[in-house]
Amino acid sequence: MKKIIYPLLAASLALAACTPDVKPLSFTAPVVEFAQTEATLSVSVGEPFTFRADIVEGDGLTVGWYVDGVLESSNGTLEYTWHEPGTYKVDFSASNGAGSVAKAYTVNVSDKLDIFISSESVYEIADGGKIECLEQSYLAVYAVVVEGSNVRHEWSVDGTVQDCSEAYFNTYWLPAGKGTHAIKYKGSNAVGSVEYGFTVDVQERPLTVSFSNEASTIACLVGTTVEITATVDYGGTGAEHSWTVDDEVVSDGLVFSKRFDTAGSYTLTYKGVNEKGDEAERTWTINVSSREEVLLEDYENGSSNGVIVRQGSGAAVSIVDNPSPDAVNGSAKVMAATGNSGSGYMGLMYDAIEKLGIDPTQYDGIKVDLYIPSSPYPFYPAMDQKDGNPYVYANGFDKNADDDAPYAWDKWITVDYDLPLLKEKHQIQPRAFCGDNSNGKGTNGSVVYYDNVYLYKK
């Protein structure tokens, strides 16, 4: 008998013959070995600690290390450092669909204490060591905490505890003069304490002296007593002092005092030296006049409070260093005027003089120091009063009588101008030179220096 196979059945048999076996998805349960088996561990502040969990079996695992509930690692190892003492919880977990493994640790973190002392000049000061500092400055030392937390700091100087509880000790002022101070430090926390002791040798600064009168030029009348006090700011141990007037010793103390009974220009010199050989020196020029004078400008500060207006039509006018200090004028700063056709000048402003409390109508003239560098042209110290008034020449000079000869070469001279019209309140413009370019005696490009402008009474 023939077998009859129906088409649908045949198709089903063929499909069954081609389909592979299907197995359900499965995991291997985790098996973990721990390097640390104790439930309670002890570590120190600042020391790295490594936890290790070795996965023996298990696939598709989710792994985590947690410190106080915060995930810190997602693999079998956790390296962790605590910076504060205390008790912490560390948890481990590994899980998949077949199971889970957990491990809990309690970690006791203990403090440490490691400190050394440092200064601006010595990186690490040894216990019993010594450092040097300059007088009249703050002692600056540091307690460097290498390890440890919540450290309390205490400093003492010569047995007296200081009002400073910081690691940086910069509140003690080192007094003037040489000396030695004993410094003690104590740092402590929950672990214990660390103590250091060292000495500070105070060194003097170089000799430095200041004076009650810092002006370089002093003007006074005959019969005036000039007094200047020297103050030793630094380095005064064993200091000796000397004051001389024109090389004659007047005083060997801190105070100079001398009455000047003769008109003239004097050089006052102070010299100081201490036991280390440091030296200090200062000089003054004392101009003693037999008449009453008032100084309007010496250019030392570069400003005249509006009394002297530095100007000039076609002239370059500026404050410069004294080109040739000498006995007549030893000032540091002077005014330079570079003139064209004799036009460099300075303006003397009446209204500004009056604002200083000075009545110019009570004075008879003007005195000024002049310096004339070498030049092929003659110079004549004329003063142009403007407003149609005639030139006034410095006393002793007459352009018309001495037309061909220069009156000064490469030196400072002091000249007076008698100005009877000074009582008329208008601007006066002193000139140190005048000339005529048409006859070859002009002053184009010439420089004249002014200094020490006074009003005087005869």
# chains A, B, ... in the order shown; residues from 1 in each chain; ligands from 1
call {"tool": "residues_around", "arguments": {"residues": "Ala104 (chain A)", "least_positions_apart": "6", "cutoff": "8 Å", "atoms": "only C-alpha atoms", "output": "JSON, numbers by chain"}}
result
{"A": [39, 89, 90, 91, 92]}
call {"tool": "select_by_dssp", "arguments": {"residues": "region 59-213 of chain A", "states": "strand (DSSP E or B)", "output": "number ranges by chain"}}
result
A: 62-67, 70-73, 77-80, 86-96, 99-110, 114-119, 125, 130-134, 138-147, 152-157, 160-161, 168-173, 179-188, 193-203, 208-211
call {"tool": "residues_around", "arguments": {"residues": "Ala215 (chain A)", "least_positions_apart": "5", "cutoff": "10 Å", "atoms": "only C-alpha atoms", "output": "list in words"}}
result
Thr283, Trp284, Thr285, Glu300 and Ser331 of chain A
call {"tool": "closest_atom_pairs", "arguments": {"of": "region 178-255 of chain A", "to": "region 145-168 of chain A", "cutoff": "8 Å", "atoms": "only C-alpha atoms", "output": "Markdown table"}}
result
| residue | atom | partner | partner_atom | distance |
| --- | --- | --- | --- | --- |
| A:His181 | CA | A:Asp158 | CA | 5.9 |
| A:Ala182 | CA | A:Asp158 | CA | 4.9 |
| A:Ile183 | CA | A:Val157 | CA | 4.8 |
| A:Lys184 | CA | A:Ser156 | CA | 5.2 |
| A:Tyr185 | CA | A:Trp155 | CA | 4.8 |
| A:Lys186 | CA | A:Glu154 | CA | 5.2 |
| A:Gly187 | CA | A:His153 | CA | 4.7 |
| A:Ser188 | CA | A:Arg152 | CA | 5.3 |
| A:Asn189 | CA | A:Val151 | CA | 4.9 |
| A:Ala190 | CA | A:Asn150 | CA | 8.0 |
call {"tool": "write_last_selection", "arguments": {"atoms": "C-alpha atoms", "output": "PDB file, in the first residue's frame"}}
result
ATOM      1  CA  HIS A 181      65.169  86.235  71.240  1.00  0.00           C
ATOM      2  CA  ALA A 182      64.081  82.719  72.224  1.00  0.00           C
ATOM      3  CA  ILE A 183      61.133  81.442  70.188  1.00  0.00           C
ATOM      4  CA  LYS A 184      59.010  78.476  71.282  1.00  0.00           C
ATOM      5  CA  TYR A 185      56.384  76.693  69.198  1.00  0.00           C
ATOM      6  CA  LYS A 186      53.878  74.012  70.189  1.00  0.00           C
ATOM      7  CA  GLY A 187      51.516  72.301  67.772  1.00  0.00           C
ATOM      8  CA  SER A 188      48.942  69.819  69.042  1.00  0.00           C
ATOM      9  CA  ASN A 189      45.896  67.807  67.979  1.00  0.00           C
ATOM     10  CA  ALA A 190      44.109  64.639  69.121  1.00  0.00           C
TER      11      ALA A 190
END
call {"tool": "select_by_dssp", "arguments": {"residues": "region 209-362 of chain A", "states": "alpha helix (DSSP H)", "output": "list in words"}}
result
Tyr350, Asp351, Ala352, Ile353, Glu354 and Lys355 of chain A
call {"tool": "closest_residue", "arguments": {"among": "A:Ser257, A:Thr269, A:Thr237, A:Thr224", "to": "Gly177 (chain A)", "atoms": "only C-alpha atoms"}}
result
A:Thr237
call {"tool": "residues_around", "arguments": {"residues": "Glu240 (chain A)", "least_positions_apart": "3", "cutoff": "12 Å", "atoms": "only C-alpha atoms", "output": "ChimeraX atom specification"}}
result
/A:207,209,230,232,235-237,243,251-254,270-281
call {"tool": "residues_around", "arguments": {"residues": "Ser26 (chain A)", "least_positions_apart": "2", "cutoff": "12 Å", "atoms": "only C-alpha atoms", "output": "ChimeraX atom specification"}}
result
/A:23-24,28-29,58-60,96-99
call {"tool": "atom_distance", "arguments": {"atom1": "CA of Asp246 (chain A)", "atom2": "CA of Ser210 (chain A)"}}
result
21.3 Å
call {"tool": "residues_around", "arguments": {"residues": "Gln136 (chain A)", "least_positions_apart": "5", "cutoff": "6 Å", "atoms": "only C-alpha atoms", "output": "list of chain:residue names"}}
result
A:Leu174, A:Pro175, A:Ala176
call {"tool": "atom_distance", "arguments": {"atom1": "CA of Leu419 (chain A)", "atom2": "CA of Gly223 (chain A)"}}
result
26.8 Å
call {"tool": "atom_distance", "arguments": {"atom1": "CA of Val226 (chain A)", "atom2": "CA of Glu248 (chain A)"}}
result
15.7 Å
call {"tool": "residues_around", "arguments": {"residues": "region 70-86 of chain A", "least_positions_apart": "2", "cutoff": "7 Å", "atoms": "only C-alpha atoms", "output": "list of chain:residue names"}}
result
A:Val45, A:Gly46, A:Glu47, A:Pro48, A:Phe49, A:Thr50, A:Phe51, A:Arg52, A:Ala53, A:Asp54, A:Val63, A:Gly64, A:Trp65, A:Tyr66, A:Val67, A:Asp68, A:Tyr88, A:Asn108, A:Val109, A:Ser110, A:Asp111, A:Ser149
call {"tool": "closest_residue", "arguments": {"among": "A:Glu38, A:Val191, A:Asp233, A:Ser212", "to": "Thr106 (chain A)", "atoms": "only C-alpha atoms"}}
result
A:Glu38
call {"tool": "closest_residue", "arguments": {"among": "A:Tyr123, A:Phe116, A:Tyr266, A:Tyr454", "to": "Val144 (chain A)", "atoms": "only C-alpha atoms"}}
result
A:Phe116
